[in-house]
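Raw contents of data_7.txt, compact mmCIF, C-alpha atoms:
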# COMPACT_ATOMS: atom_id res chain seq x y z
CA MET J 1 101.91 96.18 -36.80
CA SER J 2 99.32 98.02 -38.88
CA ASP J 3 96.25 99.58 -37.26
CA VAL J 4 93.75 97.07 -38.66
CA LEU J 5 94.90 93.46 -38.56
CA GLU J 6 94.14 90.81 -41.17
CA PRO J 7 90.80 89.12 -40.28
CA GLN J 8 90.94 85.44 -39.31
CA THR J 9 88.17 82.91 -39.96
CA PHE J 10 87.53 79.78 -37.90
CA ARG J 11 85.19 76.95 -38.87
CA VAL J 12 83.19 75.48 -35.98
CA THR J 13 81.45 72.10 -36.21
CA ARG J 14 79.61 69.89 -33.70
CA ALA J 15 82.71 67.70 -33.51
CA ASP J 16 84.70 70.74 -32.33
CA LEU J 17 82.19 71.31 -29.52
CA VAL J 18 82.38 67.68 -28.40
CA ARG J 19 86.17 67.84 -28.36
CA TYR J 20 86.12 71.15 -26.47
CA ALA J 21 83.64 69.79 -23.92
CA GLY J 22 86.01 66.94 -23.14
CA ALA J 23 89.14 69.08 -23.02
CA SER J 24 87.61 71.85 -20.90
CA GLY J 25 85.33 69.79 -18.66
CA ASP J 26 82.28 71.90 -19.65
CA PHE J 27 79.63 69.26 -20.38
CA ASN J 28 76.59 71.58 -20.35
CA PRO J 29 74.16 69.77 -22.70
CA ILE J 30 73.18 72.99 -24.54
CA HIS J 31 76.55 72.49 -26.29
CA TRP J 32 75.76 69.00 -27.60
CA SER J 33 72.01 68.24 -27.33
CA ASP J 34 69.49 69.94 -29.64
CA ARG J 35 66.72 68.62 -27.41
CA VAL J 36 68.08 70.37 -24.32
CA ALA J 37 69.11 73.51 -26.24
CA THR J 38 65.70 74.07 -27.83
CA GLY J 39 64.05 73.20 -24.51
CA VAL J 40 65.67 76.30 -22.94
CA GLY J 41 64.69 78.54 -25.85
CA LEU J 42 67.85 78.39 -27.95
CA PRO J 43 67.67 77.84 -31.73
CA GLY J 44 69.68 74.63 -31.27
CA VAL J 45 73.12 73.60 -30.01
CA ILE J 46 75.36 76.63 -29.41
CA ALA J 47 79.13 76.84 -29.03
CA HIS J 48 80.63 77.23 -25.56
CA GLY J 49 81.28 80.94 -25.03
CA MET J 50 84.73 79.92 -23.86
CA PHE J 51 85.31 78.04 -27.13
CA THR J 52 84.60 81.24 -29.07
CA MET J 53 86.90 83.11 -26.67
CA ALA J 54 89.59 80.47 -27.26
CA LEU J 55 89.34 80.94 -31.05
CA VAL J 56 89.66 84.70 -30.67
CA GLY J 57 92.62 84.02 -28.38
CA ARG J 58 94.24 82.03 -31.22
CA ALA J 59 93.81 85.05 -33.47
CA VAL J 60 95.37 87.30 -30.81
CA THR J 61 98.43 85.11 -30.29
CA ALA J 62 98.82 84.76 -34.07
CA TRP J 63 98.78 88.55 -34.46
CA ALA J 64 101.18 88.89 -31.51
CA GLY J 65 103.49 86.32 -33.08
CA ALA J 66 104.01 84.54 -29.74
CA PRO J 67 101.90 81.98 -27.84
CA ASP J 68 102.72 83.56 -24.47
CA ALA J 69 102.25 87.25 -25.37
CA VAL J 70 98.82 87.90 -23.86
CA VAL J 71 98.90 90.08 -20.74
CA GLU J 72 95.18 90.75 -20.41
CA TYR J 73 92.16 89.49 -22.32
CA SER J 74 88.45 90.15 -21.80
CA VAL J 75 85.15 89.69 -23.64
CA ARG J 76 81.41 90.03 -23.20
CA PHE J 77 79.29 87.28 -24.75
CA SER J 78 76.57 89.26 -26.53
CA ARG J 79 74.96 86.59 -28.75
CA PRO J 80 75.16 82.79 -28.94
CA VAL J 81 76.98 81.01 -31.79
CA PRO J 82 74.52 78.39 -33.15
CA VAL J 83 76.33 75.38 -34.63
CA PRO J 84 74.17 73.36 -37.06
CA ASP J 85 74.60 69.58 -37.29
CA THR J 86 76.17 69.72 -40.76
CA ASP J 87 79.62 68.95 -42.14
CA GLU J 88 80.20 72.68 -42.67
CA GLY J 89 78.98 73.81 -39.23
CA THR J 90 79.41 77.57 -39.04
CA GLU J 91 82.16 80.20 -39.16
CA VAL J 92 83.45 82.77 -36.69
CA VAL J 93 85.31 85.74 -38.17
CA VAL J 94 87.68 87.65 -35.89
CA THR J 95 88.99 91.15 -36.52
CA ALA J 96 91.25 93.42 -34.50
CA THR J 97 92.23 97.07 -34.43
CA VAL J 98 95.30 98.41 -32.66
CA LYS J 99 94.08 100.87 -30.03
CA GLY J 100 97.43 102.14 -28.75
CA THR J 101 100.17 101.39 -26.28
CA THR J 102 99.91 101.05 -22.49
CA ASP J 103 102.26 102.74 -20.01
CA GLU J 104 104.15 99.43 -19.82
CA GLY J 105 104.72 99.46 -23.58
CA HIS J 106 102.15 96.76 -24.32
CA THR J 107 99.87 96.90 -27.38
CA LYS J 108 96.11 97.21 -26.86
CA LEU J 109 93.81 95.48 -29.36
CA SER J 110 90.10 96.01 -29.81
CA LEU J 111 88.54 92.76 -31.06
CA THR J 112 85.36 91.71 -32.84
CA ALA J 113 83.93 88.27 -33.54
CA THR J 114 81.02 87.71 -35.90
CA CYS J 115 78.98 84.65 -36.89
CA GLN J 116 76.59 84.83 -39.88
CA GLY J 117 77.14 88.59 -39.91
CA GLU J 118 76.09 89.10 -36.27
CA LYS J 119 78.48 90.26 -33.56
CA VAL J 120 78.79 87.53 -30.95
CA LEU J 121 81.15 89.42 -28.63
CA SER J 122 81.16 93.00 -27.39
CA LEU J 123 83.73 94.89 -25.29
CA ALA J 124 86.34 92.39 -26.45
CA GLN J 125 89.94 93.51 -25.96
CA ALA J 126 93.40 92.15 -25.39
CA THR J 127 96.72 93.57 -24.26
CA ILE J 128 99.77 91.90 -25.74
CA ARG J 129 103.47 92.05 -24.97
CA LYS J 130 105.94 92.44 -27.76
CA ARG J 131 108.72 89.89 -27.56
CA MET R 132 64.51 85.14 -5.71
CA PRO R 133 67.41 87.63 -5.79
CA LEU R 134 70.92 86.45 -5.01
CA ASP R 135 72.14 86.82 -1.44
CA GLN R 136 73.96 90.18 -1.31
CA SER R 137 75.88 89.11 1.79
CA PHE R 138 78.11 87.03 -0.54
CA VAL R 139 79.73 90.21 -1.94
CA GLY R 140 83.29 90.53 -0.66
CA ARG R 141 83.41 86.96 0.64
CA SER R 142 86.40 84.72 -0.14
CA TRP R 143 86.67 80.97 0.14
CA PRO R 144 89.56 78.79 1.35
CA ALA R 145 92.14 77.90 -1.31
CA THR R 146 91.30 74.82 -3.39
CA GLU R 147 93.46 71.71 -3.40
CA PRO R 148 96.38 72.06 -5.85
CA TYR R 149 95.56 71.22 -9.48
CA LEU R 150 98.55 69.57 -11.14
CA VAL R 151 98.78 70.81 -14.73
CA GLY R 152 99.70 67.92 -17.04
CA ARG R 153 101.57 68.23 -20.32
CA GLU R 154 99.03 65.98 -22.05
CA LYS R 155 96.12 68.05 -20.68
CA ILE R 156 97.62 71.20 -22.20
CA ARG R 157 98.17 69.38 -25.51
CA GLU R 158 94.59 68.05 -25.43
CA PHE R 159 93.19 71.55 -24.77
CA ALA R 160 95.35 73.10 -27.49
CA ARG R 161 94.23 70.43 -30.00
CA ALA R 162 90.58 71.00 -29.02
CA ILE R 163 90.83 74.70 -29.93
CA GLY R 164 92.99 74.01 -32.99
CA ALA R 165 96.02 75.85 -31.57
CA THR R 166 99.13 74.50 -33.27
CA ASP R 167 101.88 76.77 -31.83
CA ALA R 168 104.86 74.56 -31.04
CA ALA R 169 105.17 75.89 -27.46
CA TYR R 170 101.76 74.33 -26.62
CA HIS R 171 102.88 70.89 -27.77
CA ASP R 172 106.66 70.57 -27.78
CA PRO R 173 108.62 70.96 -24.51
CA GLU R 174 111.78 71.94 -26.41
CA ALA R 175 109.95 74.76 -28.20
CA ALA R 176 108.62 75.99 -24.85
CA GLN R 177 112.11 75.76 -23.31
CA ALA R 178 113.42 77.92 -26.14
CA LEU R 179 110.98 80.60 -24.91
CA GLY R 180 112.28 80.20 -21.36
CA TYR R 181 109.64 77.85 -19.89
CA ALA R 182 110.24 74.57 -18.09
CA ASP R 183 107.63 72.68 -20.16
CA VAL R 184 104.78 73.30 -22.61
CA VAL R 185 102.76 76.48 -22.01
CA ALA R 186 98.96 76.63 -22.05
CA PRO R 187 96.82 78.76 -24.39
CA PRO R 188 95.38 81.93 -22.82
CA THR R 189 91.92 80.55 -21.99
CA PHE R 190 93.17 77.25 -20.52
CA PRO R 191 92.81 78.51 -16.91
CA VAL R 192 88.99 78.17 -17.13
CA ALA R 193 89.44 74.40 -17.23
CA ILE R 194 90.68 74.84 -13.65
CA THR R 195 88.66 77.82 -12.40
CA MET R 196 85.25 76.64 -13.65
CA SER R 197 85.48 73.61 -11.45
CA ALA R 198 86.96 75.62 -8.55
CA SER R 199 84.13 78.18 -8.63
CA ARG R 200 81.58 75.48 -7.77
CA GLN R 201 82.55 76.42 -4.19
CA ILE R 202 80.51 79.59 -4.76
CA ILE R 203 77.81 78.79 -7.29
CA GLU R 204 76.69 75.55 -5.66
CA ASP R 205 76.28 77.14 -2.23
CA PRO R 206 72.50 76.89 -1.67
CA ASP R 207 72.55 80.11 0.42
CA LEU R 208 73.60 82.10 -2.68
CA GLY R 209 70.33 81.15 -4.38
CA LEU R 210 71.66 80.68 -7.92
CA ASP R 211 69.52 78.56 -10.27
CA TYR R 212 72.19 77.22 -12.63
CA SER R 213 69.61 76.12 -15.22
CA ARG R 214 68.90 79.82 -15.88
CA VAL R 215 72.57 80.89 -15.97
CA VAL R 216 74.38 82.13 -19.06
CA HIS R 217 77.96 83.33 -19.32
CA GLY R 218 78.06 87.14 -19.46
CA ASP R 219 81.65 88.37 -19.32
CA GLN R 220 85.06 86.77 -18.99
CA ARG R 221 88.39 88.41 -18.21
CA PHE R 222 91.94 87.19 -17.61
CA ALA R 223 94.94 89.16 -16.28
CA TYR R 224 98.13 87.13 -16.58
CA SER R 225 101.35 87.28 -14.59
CA ARG R 226 102.68 84.47 -16.78
CA PRO R 227 101.25 81.60 -18.84
CA VAL R 228 100.25 78.37 -17.16
CA VAL R 229 103.06 75.83 -17.65
CA ALA R 230 102.90 72.02 -17.49
CA GLY R 231 104.08 70.90 -14.07
CA ASP R 232 102.45 73.84 -12.25
CA ALA R 233 100.55 72.93 -9.08
CA LEU R 234 97.88 75.64 -9.03
CA VAL R 235 95.55 76.69 -6.24
CA CYS R 236 92.49 78.90 -6.62
CA VAL R 237 91.14 81.45 -4.17
CA ASN R 238 87.60 82.43 -5.11
CA SER R 239 85.82 85.65 -4.16
CA VAL R 240 82.56 87.34 -5.07
CA ASP R 241 83.29 90.84 -6.40
CA GLU R 242 79.78 92.00 -7.27
CA ILE R 243 76.12 91.04 -7.28
CA THR R 244 73.67 93.28 -9.15
CA SER R 245 70.16 93.11 -10.62
CA ARG R 246 68.88 94.81 -13.74
CA GLY R 247 65.83 94.24 -15.93
CA GLY R 248 64.78 91.17 -13.96
CA HIS R 249 68.18 89.51 -14.40
CA ASP R 250 70.78 88.91 -11.69
CA PHE R 251 74.51 89.34 -12.29
CA LEU R 252 77.23 87.61 -10.27
CA THR R 253 80.90 88.49 -10.74
CA THR R 254 83.39 86.04 -9.31
CA ARG R 255 87.16 86.54 -9.10
CA THR R 256 89.62 83.67 -8.89
CA GLU R 257 93.24 84.30 -7.95
CA VAL R 258 95.25 81.45 -9.44
CA THR R 259 98.69 80.99 -7.88
CA THR R 260 101.20 78.21 -7.50
CA ALA R 261 100.99 76.25 -4.27
CA ASP R 262 103.99 78.37 -3.16
CA GLY R 263 102.02 81.58 -3.72
CA GLU R 264 103.52 82.79 -7.02
CA PRO R 265 100.78 84.71 -8.91
CA VAL R 266 99.89 83.19 -12.30
CA VAL R 267 96.57 84.59 -13.48
CA THR R 268 93.50 86.38 -12.13
CA VAL R 269 90.22 85.26 -13.69
CA TRP R 270 86.92 87.17 -13.52
CA SER R 271 83.63 85.63 -14.67
CA LYS R 272 80.29 87.38 -14.80
CA LEU R 273 77.34 84.98 -14.75
CA VAL R 274 73.85 86.11 -15.71
CA GLN R 275 70.84 84.46 -14.09
CA ARG R 276 68.00 85.18 -16.49
CA GLY R 277 64.65 86.29 -15.07
CA GLU R 278 61.95 83.66 -14.74
CA HIS R 279 59.55 85.38 -17.19
Re-express the file's structure as structure tokens.
Amino acid sequence: MSDVLEPQTFRVTRADLVRYAGASGDFNPIHWSDRVATGVGLPGVIAHGMFTMALVGRAVTAWAGAPDAVVEYSVRFSRPVPVPDTDEGTEVVVTATVKGTTDEGHTKLSLTATCQGEKVLSLAQATIRKR
Amino acid sequence: MPLDQSFVGRSWPATEPYLVGREKIREFARAIGATDAAYHDPEAAQALGYADVVAPPTFPVAITMSASRQIIEDPDLGLDYSRVVHGDQRFAYSRPVVAGDALVCVNSVDEITSRGGHDFLTTRTEVTTADGEPVVTVWSKLVQRGEH
């Protein structure tokens, strides 16, 4: 594994948020209603933080090469991910840097996620087990 | 109104077991676009040593978010959910969630702080099987934004 991993890009549309709301049980209207979202001061509908975290988790398991490799995973949600009501939606770009090895022999990754050039996560890291 | 500091260190009784369904894991994996065979195909998961399909890493929130209502809906805590945003999220796994698991949650409040007019609540949920086998520990920090 090289020190800087190949960035991964994920497209996010309103349809993705509707599907995620149903699958996760998080029906907060700021994730599907522009009226409610703007009413609480947001620019419009935003992605569930946990949806963004799930996409970054996909990147982590892809880098690890195993769907069950994650030992520890944490993020701070620093900015919302606005998702316009267009066919294209928006994009989240995920990068990772290898930060070393734990005492147990696991690999530590430092992660970033950006949307429209702005970092949407901070303090994001994962520890993965090599199979 | 600040959050009730006496909640720090409190734990709640274990929730009723949540039975993890194979189709629920598949639905969650499809919703996040995760195509790994072990999330969808029991034989692929068995090849990795699991009894049935395994769940993606963030799947446990589908269980813990609902379980943590025990804490956040307690009127004595004083949380106004309309002003709440998700601050931090952390998972520490003993193993992945597997279809067929019956999972119980024990919720605690780890920390309550205030800074810059905002209140911060950190909850911890120990997710185990009904028999007590540890599966994952989930921490969530919620931010209650100030009223100004």
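Rounded to one decimal, CA of Val269 (chain R) and CA of Val240 (chain R) lie 11.7 Å from each other.
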Got a sec to pull out which chain R residues are within 8 Å of chain J, counting all atoms listed in the file, and send them as a list in words?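 Result, ordered by chain then number: Lys155, Glu158, Phe159, Ala162, Ile163, Ala165, Asp167, Ala169, Tyr170, Val185, Pro187, Pro188, Thr189, Phe190, Val192, Ala193, His217, Gly218, Asp219, Gln220, Arg221, Phe222, Ala223, Tyr224, Ser225, Arg226 and Pro227 of chain R.
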For CA of Pro133 (chain R) and CA of Trp270 (chain R), the interatomic separation in Å (one decimal):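 Taking CA of Pro133 (chain R) as the start and CA of Trp270 (chain R) as the end point, the length is 21.0 Å.
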List as a PyMOL selection string the protein and nucleic acid residues near Gln201 (chain R), meaning an atom at most 9 Å away when all atoms listed in the file are counted, but skip any in the same chain fewer than 4 places from it. chain R and resi 143+146+197+205+238
Quick one: everything within 9 Å of Asp85 (chain J), counting only C-alpha atoms, minus sequence neighbours fewer than 5 positions away in the same chain. Send it as a list of chain:residue names.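 The residues that qualify are J:Thr13, J:Arg14, J:Val45.
Minimum atom-to-atom distances from R:Asp207, R:Asp183, R:Glu278, R:Glu257 to Pro144 (chain R) were compared using all atoms listed in the file, and the lowest value belongs to R:Glu257.
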Please indicate the distance in Å from CA of Val258 (chain R) to CA of Pro191 (chain R), rounded to one decimal place.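 CA of Val258 (chain R) sits 8.4 Å away from CA of Pro191 (chain R).
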Top pick for closest residue to Pro173 (chain R), considering R:Asp135, R:Glu154, R:His249, R:Arg214 and counting all atoms listed in the file: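 Checking each candidate against Pro173 (chain R), we get R:Glu154 as the closest.
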Using all atoms listed in the file, find the one residue out of R:Pro265, R:Gly140, R:Gly277, R:Gly248 that sits nearest to Asp232 (chain R). R:Pro265
Show which residues sit within 8 Å of region 92-99 of chain J, as a compact mmCIF listing (two decimals) with C-alpha atoms, in the frame of the given file. Count only C-alpha atoms, and ignore same-chain residues fewer than 3 positions away.
# COMPACT_ATOMS: atom_id res chain seq x y z
CA SER J 2 99.32 98.02 -38.88
CA ASP J 3 96.25 99.58 -37.26
CA VAL J 4 93.75 97.07 -38.66
CA LEU J 5 94.90 93.46 -38.56
CA GLU J 6 94.14 90.81 -41.17
CA PRO J 7 90.80 89.12 -40.28
CA GLN J 8 90.94 85.44 -39.31
CA THR J 9 88.17 82.91 -39.96
CA PHE J 10 87.53 79.78 -37.90
CA ARG J 11 85.19 76.95 -38.87
CA VAL J 12 83.19 75.48 -35.98
CA THR J 52 84.60 81.24 -29.07
CA VAL J 56 89.66 84.70 -30.67
CA ALA J 59 93.81 85.05 -33.47
CA THR J 107 99.87 96.90 -27.38
CA LYS J 108 96.11 97.21 -26.86
CA LEU J 109 93.81 95.48 -29.36
CA SER J 110 90.10 96.01 -29.81
CA LEU J 111 88.54 92.76 -31.06
CA THR J 112 85.36 91.71 -32.84
CA ALA J 113 83.93 88.27 -33.54
CA THR J 114 81.02 87.71 -35.90
CA CYS J 115 78.98 84.65 -36.89
CA GLN J 116 76.59 84.83 -39.88
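Candidate residues J:Ala47, J:Ile30, J:Val81, J:Ile128 were compared for distance to Gly105 (chain J), and the nearest is J:Ile128, using only C-alpha atoms.
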Skipping near chain neighbours, those fewer than 3 positions away, what residues fall within 9 Å of Phe138 (chain R) using only C-alpha atoms, listed as a PyMOL selection string? chain R and resi 134-135+141-142+202+207-208+239-243
Find, counting all atoms listed in the file, the residue in R:Ala233, R:Gly263, R:Met196, R:Gly180 that gets nearest to Gly152 (chain R).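 Of all the options, R:Ala233 lies closest to Gly152 (chain R).
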